[in-house]
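run15.pdb (PDB, C-alpha atoms) appears below.
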ATOM      1  CA  MET A   1      10.434 -13.051  10.289
ATOM      2  CA  LYS A   2      11.428  -9.455   9.576
ATOM      3  CA  PHE A   3       8.692  -6.963   8.697
ATOM      4  CA  GLY A   4       8.967  -3.527   7.120
ATOM      5  CA  ILE A   5       5.944  -1.280   7.612
ATOM      6  CA  LEU A   6       4.850   1.568   5.318
ATOM      7  CA  ILE A   7       2.265   4.018   6.669
ATOM      8  CA  LYS A   8       0.635   6.203   4.025
ATOM      9  CA  GLU A   9      -2.272   7.766   5.915
ATOM     10  CA  GLY A  10      -2.429  10.296   8.713
ATOM     11  CA  PRO A  11      -3.830   9.712  12.205
ATOM     12  CA  TYR A  12      -7.561   9.699  13.094
ATOM     13  CA  MET A  13      -8.884  10.500   9.594
ATOM     14  CA  HIS A  14      -8.105   6.938   8.488
ATOM     15  CA  GLN A  15      -7.904   3.668  10.381
ATOM     16  CA  ALA A  16      -4.582   2.753   8.731
ATOM     17  CA  MET A  17      -2.340   3.729  11.656
ATOM     18  CA  ASP A  18      -4.563   1.921  14.167
ATOM     19  CA  THR A  19      -4.517  -1.273  12.115
ATOM     20  CA  ALA A  20      -0.767  -0.999  11.673
ATOM     21  CA  TYR A  21      -0.259  -0.412  15.407
ATOM     22  CA  ASN A  22      -2.241  -3.542  16.318
ATOM     23  CA  PHE A  23      -0.435  -5.505  13.623
ATOM     24  CA  ILE A  24       2.965  -4.415  14.972
ATOM     25  CA  LEU A  25       2.038  -5.358  18.562
ATOM     26  CA  ALA A  26       0.784  -8.781  17.442
ATOM     27  CA  ALA A  27       3.879  -9.347  15.303
ATOM     28  CA  MET A  28       6.192  -8.539  18.209
ATOM     29  CA  GLU A  29       4.199 -10.750  20.580
ATOM     30  CA  SER A  30       4.565 -13.569  18.058
ATOM     31  CA  GLY A  31       8.329 -13.111  18.123
ATOM     32  CA  HIS A  32       8.804 -11.341  14.803
ATOM     33  CA  GLU A  33      11.113  -8.412  14.224
ATOM     34  CA  ILE A  34       9.917  -5.001  13.002
ATOM     35  CA  LYS A  35      12.788  -3.620  10.906
ATOM     36  CA  GLY A  36      11.204  -0.196  10.805
ATOM     37  CA  VAL A  37       8.076   1.862  10.286
ATOM     38  CA  PHE A  38       8.330   4.348   7.421
ATOM     39  CA  PHE A  39       5.904   7.284   7.401
ATOM     40  CA  TYR A  40       5.099   8.616   3.941
ATOM     41  CA  ASN A  41       2.365  10.734   2.315
ATOM     42  CA  ASP A  42       0.062  12.032   5.101
ATOM     43  CA  GLY A  43       1.510   9.278   7.296
ATOM     44  CA  VAL A  44       4.132  11.780   8.468
ATOM     45  CA  TYR A  45       1.450  13.507  10.575
ATOM     46  CA  ASN A  46       1.439  10.485  12.897
ATOM     47  CA  ARG A  47       4.730  11.821  14.279
ATOM     48  CA  CYS A  48       3.618  15.419  14.799
ATOM     49  CA  ALA A  49       4.770  16.372  18.309
ATOM     50  CA  THR A  50       1.785  18.610  19.010
ATOM     51  CA  LEU A  51      -0.996  16.044  18.513
ATOM     52  CA  GLU A  52      -3.342  16.486  21.438
ATOM     53  CA  PRO A  53      -6.556  14.475  21.187
ATOM     54  CA  PRO A  54      -9.128  14.625  24.029
ATOM     55  CA  ARG A  55      -7.849  12.843  27.144
ATOM     56  CA  ASP A  56     -10.230   9.894  26.890
ATOM     57  CA  GLU A  57      -9.105   9.181  23.328
ATOM     58  CA  ARG A  58      -6.062   7.174  22.212
ATOM     59  CA  ASN A  59      -3.020   9.351  21.531
ATOM     60  CA  ILE A  60      -1.551   7.827  18.390
ATOM     61  CA  MET A  61       1.660   9.839  18.633
ATOM     62  CA  LYS A  62       2.274   8.587  22.188
ATOM     63  CA  LEU A  63       1.403   4.978  21.313
ATOM     64  CA  LEU A  64       4.032   5.138  18.580
ATOM     65  CA  SER A  65       6.590   6.655  20.943
ATOM     66  CA  GLU A  66       5.961   3.708  23.279
ATOM     67  CA  LEU A  67       6.706   1.345  20.408
ATOM     68  CA  GLU A  68       9.921   3.256  19.835
ATOM     69  CA  LEU A  69      10.894   2.667  23.474
ATOM     70  CA  LYS A  70      10.404  -1.042  22.799
ATOM     71  CA  GLY A  71      12.990  -0.766  20.058
ATOM     72  CA  VAL A  72      10.863  -0.156  16.960
ATOM     73  CA  ARG A  73      12.604   2.208  14.552
ATOM     74  CA  LEU A  74      10.345   5.021  13.322
ATOM     75  CA  ILE A  75      11.317   6.874  10.145
ATOM     76  CA  VAL A  76       9.625  10.063   8.950
ATOM     77  CA  CYS A  77      10.232  10.925   5.287
ATOM     78  CA  VAL A  78      12.057  14.238   5.120
ATOM     79  CA  ALA A  79      10.506  15.347   1.820
ATOM     80  CA  ALA A  80       6.916  14.378   2.689
ATOM     81  CA  GLY A  81       7.434  15.908   6.138
ATOM     82  CA  LYS A  82       8.764  19.237   4.874
ATOM     83  CA  ARG A  83       5.845  19.571   2.481
ATOM     84  CA  ARG A  84       3.461  19.199   5.438
ATOM     85  CA  GLY A  85       5.351  21.143   8.093
ATOM     86  CA  ILE A  86       6.637  18.070   9.930
ATOM     87  CA  VAL A  87      10.221  19.261  10.370
ATOM     88  CA  ASN A  88      12.852  19.355  13.133
ATOM     89  CA  GLN A  89      10.764  21.778  15.233
ATOM     90  CA  THR A  90       7.475  19.860  14.920
ATOM     91  CA  VAL A  91       8.427  16.167  14.756
ATOM     92  CA  CYS A  92       8.442  14.072  17.928
ATOM     93  CA  LYS A  93      12.100  13.223  17.611
ATOM     94  CA  VAL A  94      14.524  14.886  15.187
ATOM     95  CA  GLU A  95      16.456  11.630  14.701
ATOM     96  CA  GLU A  96      13.396  10.034  13.121
ATOM     97  CA  ILE A  97      13.603  12.251  10.030
ATOM     98  CA  SER A  98      15.341  10.531   7.143
ATOM     99  CA  GLY A  99      15.229  10.021   3.395
ATOM    100  CA  LEU A 100      13.312   7.752   1.019
ATOM    101  CA  GLY A 101      16.384   5.543   0.729
ATOM    102  CA  GLN A 102      15.359   4.190   4.131
ATOM    103  CA  LEU A 103      12.104   2.871   2.654
ATOM    104  CA  LEU A 104      14.034   0.987  -0.004
ATOM    105  CA  GLU A 105      16.380  -0.254   2.708
ATOM    106  CA  LEU A 106      13.339  -1.650   4.549
ATOM    107  CA  CYS A 107      12.196  -3.421   1.361
ATOM    108  CA  ILE A 108      15.665  -4.961   1.007
ATOM    109  CA  THR A 109      16.219  -6.011   4.605
ATOM    110  CA  SER A 110      12.681  -7.170   5.508
ATOM    111  CA  ASP A 111      11.191 -10.522   4.551
ATOM    112  CA  ARG A 112       7.861  -8.770   4.054
ATOM    113  CA  THR A 113       6.999  -5.151   3.376
ATOM    114  CA  ILE A 114       3.414  -4.332   4.281
ATOM    115  CA  THR A 115       1.537  -1.137   3.433
ATOM    116  CA  PHE A 116      -1.158   0.392   5.633
TER     117      PHE A 116
ATOM    118  CA  MET B   1      25.842  -5.839  -8.390
ATOM    119  CA  SER B   2      24.542  -8.909 -10.249
ATOM    120  CA  GLU B   3      20.904  -9.099 -11.301
ATOM    121  CA  GLN B   4      20.309 -11.915  -8.782
ATOM    122  CA  GLU B   5      21.483  -9.795  -5.862
ATOM    123  CA  LYS B   6      19.173  -6.916  -6.698
ATOM    124  CA  THR B   7      15.952  -6.518  -4.760
ATOM    125  CA  LYS B   8      12.854  -6.394  -6.945
ATOM    126  CA  VAL B   9      10.407  -3.703  -5.895
ATOM    127  CA  MET B  10       7.280  -2.683  -7.799
ATOM    128  CA  PHE B  11       5.323   0.522  -7.397
ATOM    129  CA  VAL B  12       1.669  -0.167  -8.157
ATOM    130  CA  LEU B  13      -0.145   3.041  -9.071
ATOM    131  CA  ARG B  14      -3.913   2.718  -8.854
ATOM    132  CA  THR B  15      -4.963   6.330  -8.344
ATOM    133  CA  ALA B  16      -5.671   9.041 -10.892
ATOM    134  CA  PRO B  17      -3.354  12.075 -10.935
ATOM    135  CA  TYR B  18      -3.965  15.481  -9.287
ATOM    136  CA  GLY B  19      -7.011  14.482  -7.176
ATOM    137  CA  THR B  20      -4.620  13.204  -4.516
ATOM    138  CA  ILE B  21      -0.873  13.463  -3.964
ATOM    139  CA  TYR B  22      -0.242   9.728  -4.342
ATOM    140  CA  GLU B  23       1.095   9.863  -7.906
ATOM    141  CA  GLN B  24       3.361  12.839  -7.182
ATOM    142  CA  GLU B  25       4.937  11.331  -4.080
ATOM    143  CA  ALA B  26       5.187   7.920  -5.758
ATOM    144  CA  ILE B  27       7.274   9.591  -8.489
ATOM    145  CA  GLU B  28       9.504  11.197  -5.855
ATOM    146  CA  ALA B  29      10.063   7.758  -4.346
ATOM    147  CA  MET B  30      10.781   6.207  -7.775
ATOM    148  CA  VAL B  31      13.405   8.859  -8.489
ATOM    149  CA  MET B  32      15.143   8.176  -5.168
ATOM    150  CA  PHE B  33      14.910   4.400  -5.470
ATOM    151  CA  GLY B  34      16.468   4.576  -8.929
ATOM    152  CA  ALA B  35      19.724   5.796  -7.409
ATOM    153  CA  TYR B  36      20.281   2.608  -5.388
ATOM    154  CA  GLU B  37      20.951   0.144  -8.228
ATOM    155  CA  GLN B  38      18.104  -2.204  -7.384
ATOM    156  CA  ASP B  39      15.506  -3.654  -9.763
ATOM    157  CA  ILE B  40      12.668  -1.119  -9.574
ATOM    158  CA  SER B  41       9.575  -1.319 -11.746
ATOM    159  CA  VAL B  42       6.388   0.706 -11.978
ATOM    160  CA  THR B  43       2.912  -0.497 -12.895
ATOM    161  CA  PHE B  44      -0.117   1.593 -13.794
ATOM    162  CA  THR B  45      -3.400  -0.186 -13.277
ATOM    163  CA  GLY B  46      -6.978   0.858 -12.520
ATOM    164  CA  ASP B  47      -7.326   4.652 -12.429
ATOM    165  CA  GLY B  48      -3.535   4.852 -12.343
ATOM    166  CA  VAL B  49      -3.554   4.624 -16.152
ATOM    167  CA  PHE B  50      -5.010   8.153 -16.288
ATOM    168  CA  SER B  51      -1.614   9.414 -15.099
ATOM    169  CA  LEU B  52      -0.226   8.484 -18.517
ATOM    170  CA  LYS B  53      -2.884  10.300 -20.571
ATOM    171  CA  LYS B  54      -1.291  12.556 -23.142
ATOM    172  CA  GLY B  55      -2.108  16.244 -23.455
ATOM    173  CA  GLN B  56      -2.142  17.026 -19.724
ATOM    174  CA  ASP B  57      -2.013  20.788 -19.130
ATOM    175  CA  THR B  58      -1.901  21.731 -15.469
ATOM    176  CA  SER B  59      -1.399  25.474 -15.998
ATOM    177  CA  LEU B  60      -4.900  26.324 -14.707
ATOM    178  CA  LEU B  61      -4.392  24.121 -11.640
ATOM    179  CA  GLY B  62      -1.109  25.660 -10.595
ATOM    180  CA  LYS B  63       0.462  22.230 -10.201
ATOM    181  CA  LYS B  64       3.369  20.583 -11.972
ATOM    182  CA  ASN B  65       2.578  18.313 -14.940
ATOM    183  CA  PHE B  66       3.872  14.964 -13.730
ATOM    184  CA  SER B  67       3.215  13.101 -16.978
ATOM    185  CA  MET B  68       6.370  14.760 -18.315
ATOM    186  CA  THR B  69       8.449  12.896 -15.723
ATOM    187  CA  TYR B  70       7.953   9.360 -17.010
ATOM    188  CA  PRO B  71      10.152   9.494 -20.148
ATOM    189  CA  ILE B  72      13.190  10.339 -18.015
ATOM    190  CA  LEU B  73      12.550   7.762 -15.275
ATOM    191  CA  ILE B  74      13.991   4.923 -17.328
ATOM    192  CA  ASP B  75      16.754   6.858 -19.081
ATOM    193  CA  ASP B  76      18.020   9.051 -16.245
ATOM    194  CA  PHE B  77      16.798   7.394 -13.067
ATOM    195  CA  GLU B  78      17.412   3.727 -13.841
ATOM    196  CA  ILE B  79      13.865   2.477 -13.377
ATOM    197  CA  SER B  80      13.882  -0.991 -14.983
ATOM    198  CA  HIS B  81      10.350  -1.129 -16.388
ATOM    199  CA  ILE B  82       7.218   0.975 -16.654
ATOM    200  CA  TYR B  83       4.175  -1.182 -17.313
ATOM    201  CA  VAL B  84       0.601  -0.206 -18.017
ATOM    202  CA  GLU B  85      -2.167  -2.757 -17.813
ATOM    203  CA  LYS B  86      -3.963  -3.270 -21.138
ATOM    204  CA  GLU B  87      -7.362  -4.131 -19.598
ATOM    205  CA  SER B  88      -7.433  -0.988 -17.429
ATOM    206  CA  LEU B  89      -6.650   1.168 -20.480
ATOM    207  CA  GLU B  90      -9.411  -0.471 -22.531
ATOM    208  CA  GLU B  91     -12.001  -0.180 -19.743
ATOM    209  CA  ARG B  92     -11.304   3.548 -19.718
ATOM    210  CA  GLY B  93     -11.566   3.984 -23.475
ATOM    211  CA  MET B  94      -7.848   4.440 -23.928
ATOM    212  CA  SER B  95      -5.227   2.849 -26.125
ATOM    213  CA  GLU B  96      -1.523   3.232 -26.889
ATOM    214  CA  SER B  97      -2.166   6.382 -28.950
ATOM    215  CA  ASP B  98      -3.582   8.127 -25.848
ATOM    216  CA  LEU B  99      -0.384   7.766 -23.845
ATOM    217  CA  ALA B 100       1.972  10.657 -23.106
ATOM    218  CA  THR B 101       5.038   8.449 -23.135
ATOM    219  CA  GLU B 102       6.333   5.130 -24.370
ATOM    220  CA  VAL B 103       5.670   2.421 -21.802
ATOM    221  CA  GLU B 104       5.225  -1.352 -21.891
ATOM    222  CA  ILE B 105       1.555  -2.252 -22.389
ATOM    223  CA  ILE B 106       0.993  -5.701 -20.909
ATOM    224  CA  ASP B 107      -2.060  -7.774 -20.156
ATOM    225  CA  ARG B 108      -3.323  -8.535 -16.675
ATOM    226  CA  ASN B 109      -2.174 -12.149 -16.678
ATOM    227  CA  THR B 110       1.404 -11.173 -17.510
ATOM    228  CA  LEU B 111       1.293  -8.477 -14.871
ATOM    229  CA  LYS B 112       0.046 -10.956 -12.275
ATOM    230  CA  GLN B 113       3.106 -13.100 -12.908
ATOM    231  CA  LYS B 114       5.460 -10.124 -12.694
ATOM    232  CA  MET B 115       3.929  -9.116  -9.346
ATOM    233  CA  ARG B 116       4.764 -12.548  -8.026
ATOM    234  CA  GLU B 117       8.460 -12.058  -8.806
ATOM    235  CA  MET B 118       8.622  -9.012  -6.515
ATOM    236  CA  LYS B 119      10.054  -8.894  -3.043
ATOM    237  CA  ALA B 120       7.955  -5.858  -2.187
ATOM    238  CA  LEU B 121       4.859  -4.270  -3.727
ATOM    239  CA  LEU B 122       4.275  -0.609  -2.925
ATOM    240  CA  PRO B 123       0.729   0.516  -3.717
ATOM    241  CA  PHE B 124      -0.041   4.188  -4.342
TER     242      PHE B 124
ATOM    243  CA  MET C   1       0.052 -13.529  -2.382
ATOM    244  CA  LEU C   2      -2.066 -12.095   0.390
ATOM    245  CA  HIS C   3      -4.537  -9.553  -0.954
ATOM    246  CA  ILE C   4      -5.460  -7.107   1.802
ATOM    247  CA  VAL C   5      -8.681  -5.222   1.015
ATOM    248  CA  LYS C   6      -9.351  -2.280   3.295
ATOM    249  CA  LYS C   7     -12.013  -0.237   1.531
ATOM    250  CA  SER C   8     -15.735  -0.944   1.334
ATOM    251  CA  PRO C   9     -16.659  -2.644  -1.956
ATOM    252  CA  TYR C  10     -19.576  -0.180  -2.182
ATOM    253  CA  GLU C  11     -17.141   2.746  -2.176
ATOM    254  CA  SER C  12     -14.025   1.602  -3.932
ATOM    255  CA  SER C  13     -12.740  -0.747  -6.636
ATOM    256  CA  ALA C  14     -10.289  -2.286  -4.134
ATOM    257  CA  PHE C  15     -12.297  -5.514  -3.721
ATOM    258  CA  SER C  16     -12.959  -6.082  -7.430
ATOM    259  CA  ASP C  17      -9.380  -5.124  -8.355
ATOM    260  CA  ALA C  18      -8.046  -7.628  -5.816
ATOM    261  CA  ILE C  19     -10.295 -10.328  -7.339
ATOM    262  CA  ASN C  20      -8.868  -9.500 -10.769
ATOM    263  CA  TYR C  21      -5.371 -10.114  -9.463
ATOM    264  CA  ILE C  22      -5.969 -13.182  -7.351
ATOM    265  CA  GLU C  23      -4.396 -16.459  -8.431
ATOM    266  CA  GLN C  24      -4.522 -20.035  -7.287
ATOM    267  CA  ASN C  25      -3.099 -20.418  -3.754
ATOM    268  CA  ASP C  26      -3.574 -16.707  -3.030
ATOM    269  CA  ILE C  27      -5.703 -15.609  -0.097
ATOM    270  CA  MET C  28      -7.713 -12.480   0.679
ATOM    271  CA  LEU C  29      -7.950 -10.618   3.966
ATOM    272  CA  LEU C  30     -10.789  -8.139   4.509
ATOM    273  CA  THR C  31      -9.897  -5.399   6.996
ATOM    274  CA  GLU C  32     -11.258  -2.010   8.043
ATOM    275  CA  ASP C  33     -14.183  -1.047   5.748
ATOM    276  CA  GLY C  34     -13.237  -3.969   3.511
ATOM    277  CA  ILE C  35     -15.125  -6.320   5.833
ATOM    278  CA  TYR C  36     -18.475  -5.159   4.405
ATOM    279  CA  ALA C  37     -17.744  -7.407   1.398
ATOM    280  CA  ALA C  38     -18.217 -10.382   3.750
ATOM    281  CA  LYS C  39     -21.674  -9.376   5.011
ATOM    282  CA  LYS C  40     -24.477 -11.773   4.152
ATOM    283  CA  GLY C  41     -27.166 -10.509   1.807
ATOM    284  CA  GLY C  42     -25.085  -7.705   0.333
ATOM    285  CA  LYS C  43     -24.475  -7.026  -3.326
ATOM    286  CA  PHE C  44     -21.062  -8.679  -3.227
ATOM    287  CA  GLU C  45     -22.106 -11.995  -1.690
ATOM    288  CA  GLY C  46     -22.119 -13.750  -5.083
ATOM    289  CA  ALA C  47     -18.684 -12.422  -6.013
ATOM    290  CA  LEU C  48     -17.239 -13.478  -2.658
ATOM    291  CA  LYS C  49     -18.758 -16.966  -2.792
ATOM    292  CA  ASN C  50     -17.472 -17.384  -6.312
ATOM    293  CA  LEU C  51     -14.002 -16.335  -5.142
ATOM    294  CA  MET C  52     -14.125 -18.801  -2.241
ATOM    295  CA  GLN C  53     -14.525 -21.743  -4.595
ATOM    296  CA  LYS C  54     -10.784 -21.414  -5.184
ATOM    297  CA  ASN C  55      -9.351 -19.016  -2.615
ATOM    298  CA  ALA C  56      -9.567 -18.702   1.160
ATOM    299  CA  VAL C  57     -10.990 -15.445   2.504
ATOM    300  CA  TYR C  58     -10.351 -14.094   6.004
ATOM    301  CA  CYS C  59     -11.687 -11.112   7.890
ATOM    302  CA  LEU C  60     -10.450  -9.350  11.003
ATOM    303  CA  ILE C  61     -12.583  -9.830  14.095
ATOM    304  CA  ALA C  62     -11.744  -6.384  15.512
ATOM    305  CA  ASP C  63     -13.178  -4.742  12.409
ATOM    306  CA  ILE C  64     -16.402  -6.754  12.207
ATOM    307  CA  LYS C  65     -17.131  -6.367  15.947
ATOM    308  CA  ALA C  66     -16.498  -2.622  15.857
ATOM    309  CA  ARG C  67     -18.988  -2.282  12.997
ATOM    310  CA  GLY C  68     -21.748  -4.190  14.761
ATOM    311  CA  ILE C  69     -21.579  -7.184  12.472
ATOM    312  CA  GLN C  70     -22.093 -10.490  14.268
ATOM    313  CA  GLU C  71     -20.232 -13.611  13.248
ATOM    314  CA  ASN C  72     -23.511 -15.162  12.031
ATOM    315  CA  GLU C  73     -23.945 -12.224   9.643
ATOM    316  CA  ILE C  74     -20.688 -13.108   7.908
ATOM    317  CA  ILE C  75     -20.904 -15.216   4.752
ATOM    318  CA  GLU C  76     -20.242 -18.879   5.475
ATOM    319  CA  ASN C  77     -16.687 -20.166   5.091
ATOM    320  CA  VAL C  78     -15.142 -16.708   5.539
ATOM    321  CA  LYS C  79     -12.632 -17.332   8.294
ATOM    322  CA  ILE C  80     -12.548 -14.880  11.177
ATOM    323  CA  ILE C  81      -9.080 -14.111  12.538
ATOM    324  CA  ASP C  82      -7.435 -11.727  14.988
ATOM    325  CA  TYR C  83      -4.309  -9.577  14.548
ATOM    326  CA  LYS C  84      -2.047 -12.525  15.366
ATOM    327  CA  GLY C  85      -3.793 -14.463  12.602
ATOM    328  CA  PHE C  86      -3.204 -11.476  10.312
ATOM    329  CA  VAL C  87       0.514 -11.591  11.151
ATOM    330  CA  GLU C  88       0.589 -15.321  10.474
ATOM    331  CA  LYS C  89      -0.990 -14.828   7.024
ATOM    332  CA  VAL C  90       1.652 -12.220   6.165
ATOM    333  CA  THR C  91       4.387 -14.694   7.074
ATOM    334  CA  GLU C  92       2.808 -17.224   4.700
ATOM    335  CA  HIS C  93       2.160 -14.898   1.730
ATOM    336  CA  ASN C  94       3.658 -11.731   0.275
ATOM    337  CA  PRO C  95       1.132  -8.931   0.888
ATOM    338  CA  MET C  96      -0.425  -6.438  -1.524
ATOM    339  CA  THR C  97      -2.748  -3.823  -0.066
ATOM    340  CA  TRP C  98      -5.746  -2.728  -2.121
ATOM    341  CA  SER C  99      -7.273   0.537  -0.891
TER     342      SER C  99
END
What is this file in structure tokens?
Amino acid sequence: MKFGILIKEGPYMHQAMDTAYNFILAAMESGHEIKGVFFYNDGVYNRCATLEPPRDERNIMKLLSELELKGVRLIVCVAAGKRRGIVNQTVCKVEEISGLGQLLELCITSDRTITF
Amino acid sequence: MSEQEKTKVMFVLRTAPYGTIYEQEAIEAMVMFGAYEQDISVTFTGDGVFSLKKGQDTSLLGKKNFSMTYPILIDDFEISHIYVEKESLEERGMSESDLATEVEIIDRNTLKQKMREMKALLPF
Amino acid sequence: MLHIVKKSPYESSAFSDAINYIEQNDIMLLTEDGIYAAKKGGKFEGALKNLMQKNAVYCLIADIKARGIQENEIIENVKIIDYKGFVEKVTEHNPMTWS
């Protein structure tokens, strides 16, 4: 099955990104396809390049980048990002920044859209 | 595009305005989605119904008054339906005369059925 | 539908709102702070048991373990699943997240 993922909360403050991360790993292990992860609202902070938690703590930004290396498409909303200072200079990867049309595209192309 | 080919997406607004950014950014998403010729609807339930309260004046807050946006969503941005749940309005001491704009007031059971027709539900 | 509840019922209307919208054949998944609705002896035990007369309720093992809640402290008939089980439920039902 194809899943679209919407992340609405930022890292650390809420558990949303952690739950979504574990869900994505389990979905991939079960042979499902992640069509994309769309970061909206404070969710855009998950892709802030300068996140630097203490060394013995999970680095959410890096965990997501590892998912990206496994072929998961990460999409940071340009408007929500600009409002919060997540722009070309501060996002992990400039190519990840895109518009809200991509969220609708995920709704259209995924069998299930799930919000965290 | 025929109606059958369109993807049905519903925004479900459950948060009150101004206290968080959810309503504001949900509106921004609605406006964008409207441009793609899909079947987009919006539902206000729970505290979301407060977003439709008439008489909002945000001048002392220094924020935009988002309740003024809803009348143009259907006309200019091709949103198919704006629903507000009757039970949530009543629980909060509100009725049709309290609303800032003309929307479809529907009961919870009807709304439940509409939710089940959606391909994707986007809660805010 | 799959109703995902991720806020504590003591803090938020997510749990009661989800109950209002649940229909026959729907299921509920308690995650994150939502799992407190499944704890025995709490204020919401009656509501959950009433719900389970018609609908299956699941909770995520990672979230109950992290919060120090043992499986025997979970209301009977609530099914405990892992993330793979979560994924499976999403394949079976269209999800709505209540937070």
Contact set, chain A to chain C: 10 Å, only C-alpha atoms, as a CSV table (one decimal) with C-alpha atoms, keeping the file's coordinate frame:
chain,number,residue,atom,x,y,z
A,1,MET,CA,10.4,-13.1,10.3
A,2,LYS,CA,11.4,-9.5,9.6
A,3,PHE,CA,8.7,-7.0,8.7
A,14,HIS,CA,-8.1,6.9,8.5
A,15,GLN,CA,-7.9,3.7,10.4
A,16,ALA,CA,-4.6,2.8,8.7
A,18,ASP,CA,-4.6,1.9,14.2
A,19,THR,CA,-4.5,-1.3,12.1
A,20,ALA,CA,-0.8,-1.0,11.7
A,22,ASN,CA,-2.2,-3.5,16.3
A,23,PHE,CA,-0.4,-5.5,13.6
A,24,ILE,CA,3.0,-4.4,15.0
A,25,LEU,CA,2.0,-5.4,18.6
A,26,ALA,CA,0.8,-8.8,17.4
A,27,ALA,CA,3.9,-9.3,15.3
A,28,MET,CA,6.2,-8.5,18.2
A,29,GLU,CA,4.2,-10.8,20.6
A,30,SER,CA,4.6,-13.6,18.1
A,32,HIS,CA,8.8,-11.3,14.8
A,111,ASP,CA,11.2,-10.5,4.6
A,112,ARG,CA,7.9,-8.8,4.1
A,113,THR,CA,7.0,-5.2,3.4
A,114,ILE,CA,3.4,-4.3,4.3
A,115,THR,CA,1.5,-1.1,3.4
A,116,PHE,CA,-1.2,0.4,5.6
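Selection check: the ChimeraX specification (/C :<10) & /B on the shown file gives Val12, Arg14, Thr15, Thr45, Gly46, Asp47, Arg108, Asn109, Leu111, Lys112, Gln113, Met115, Arg116, Met118, Lys119, Ala120, Leu121, Leu122, Pro123 and Phe124 of chain B.
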Write the residues you've just listed into a file as a PDB file, keeping the file's coordinate frame, and include C-alpha atoms for each of them.
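Done, and the output landed in out33.pdb:
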ATOM      1  CA  VAL B  12       1.669  -0.167  -8.157  1.00  0.00           C
ATOM      2  CA  ARG B  14      -3.913   2.718  -8.854  1.00  0.00           C
ATOM      3  CA  THR B  15      -4.963   6.330  -8.344  1.00  0.00           C
ATOM      4  CA  THR B  45      -3.400  -0.186 -13.277  1.00  0.00           C
ATOM      5  CA  GLY B  46      -6.978   0.858 -12.520  1.00  0.00           C
ATOM      6  CA  ASP B  47      -7.326   4.652 -12.429  1.00  0.00           C
ATOM      7  CA  ARG B 108      -3.323  -8.535 -16.675  1.00  0.00           C
ATOM      8  CA  ASN B 109      -2.174 -12.149 -16.678  1.00  0.00           C
ATOM      9  CA  LEU B 111       1.293  -8.477 -14.871  1.00  0.00           C
ATOM     10  CA  LYS B 112       0.046 -10.956 -12.275  1.00  0.00           C
ATOM     11  CA  GLN B 113       3.106 -13.100 -12.908  1.00  0.00           C
ATOM     12  CA  MET B 115       3.929  -9.116  -9.346  1.00  0.00           C
ATOM     13  CA  ARG B 116       4.764 -12.548  -8.026  1.00  0.00           C
ATOM     14  CA  MET B 118       8.622  -9.012  -6.515  1.00  0.00           C
ATOM     15  CA  LYS B 119      10.054  -8.894  -3.043  1.00  0.00           C
ATOM     16  CA  ALA B 120       7.955  -5.858  -2.187  1.00  0.00           C
ATOM     17  CA  LEU B 121       4.859  -4.270  -3.727  1.00  0.00           C
ATOM     18  CA  LEU B 122       4.275  -0.609  -2.925  1.00  0.00           C
ATOM     19  CA  PRO B 123       0.729   0.516  -3.717  1.00  0.00           C
ATOM     20  CA  PHE B 124      -0.041   4.188  -4.342  1.00  0.00           C
TER      21      PHE B 124
END
*range 54-71 of chain A: which residues within 8 Å, counting all atoms listed in the file, same-chain residues fewer than 2 positions away excluded, as a PyMOL selection string?*
chain A and resi 11+17-18+21+46-49+51-52+73-74
Pull the closest atom pair for each residue of chain B that gets at most 10 Å from chain A, along with the distance in Å to one decimal, counting all atoms listed in the file, ordering rows by chain and then ascending residue number, as CSV.
residue,atom,partner,partner_atom,distance
B:Lys6,CA,A:Ile108,CA,8.7
B:Thr7,CA,A:Ile108,CA,6.0
B:Lys8,CA,A:Ile108,CA,8.6
B:Val9,CA,A:Cys107,CA,7.5
B:Ile21,CA,A:Asn41,CA,7.6
B:Tyr22,CA,A:Asn41,CA,7.2
B:Gln24,CA,A:Asn41,CA,9.8
B:Glu25,CA,A:Asn41,CA,6.9
B:Ala26,CA,A:Asn41,CA,9.0
B:Glu28,CA,A:Leu100,CA,8.6
B:Ala29,CA,A:Leu100,CA,6.3
B:Met30,CA,A:Leu100,CA,9.3
B:Val31,CA,A:Leu100,CA,9.6
B:Met32,CA,A:Leu100,CA,6.5
B:Phe33,CA,A:Gly101,CA,6.5
B:Gly34,CA,A:Gly101,CA,9.7
B:Ala35,CA,A:Gly101,CA,8.8
B:Tyr36,CA,A:Gly101,CA,7.8
B:Gln38,CA,A:Leu104,CA,9.0
B:Ile40,CA,A:Leu104,CA,9.9
B:Lys119,CA,A:Cys107,CA,7.3
B:Ala120,CA,A:Thr113,CA,5.7
B:Leu121,CA,A:Thr113,CA,7.5
B:Leu122,CA,A:Thr115,CA,6.9
B:Pro123,CA,A:Thr115,CA,7.4
B:Phe124,CA,A:Lys8,CA,8.6
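Reported to one decimal place, the separation of CA of Ala47 in chain C from CA of Gln70 in chain C is 20.7 Å.
If you look at CA of Leu13 in chain B and CA of Thr43 in chain B, they are 6.0 Å away from each other.
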What separates CA of Ile64 in chain C and CA of Ile35 in chain C is a distance of 6.5 Å
For range 71-75 of chain B, I'd like the enclosing box, axis-aligned and padded by 8 Å on every side, reported as JSON with centre and edge lengths in Å to one decimal.
{"center_x": 13.5, "center_y": 7.6, "center_z": -17.7, "size_x": 22.6, "size_y": 21.4, "size_z": 20.9}
To verify the selection step, state as a PyMOL selection string which residues the PyMOL selection byres ((chain C and resi 53) around 12) yields on this input.
chain C and resi 24-25+27+46-52+54-57+76-78
Which residues match the PyMOL selection byres ((chain B and resi 85-100) around 8) in the file above, as a list in words?
Thr43, Phe44, Thr45, Gly46, Asp47, Val49, Leu52, Lys53, Lys54, Gly55, Ser67, Met68, Tyr83, Val84, Thr101, Glu102, Ile105, Ile106, Asp107, Arg108 and Leu111 of chain B
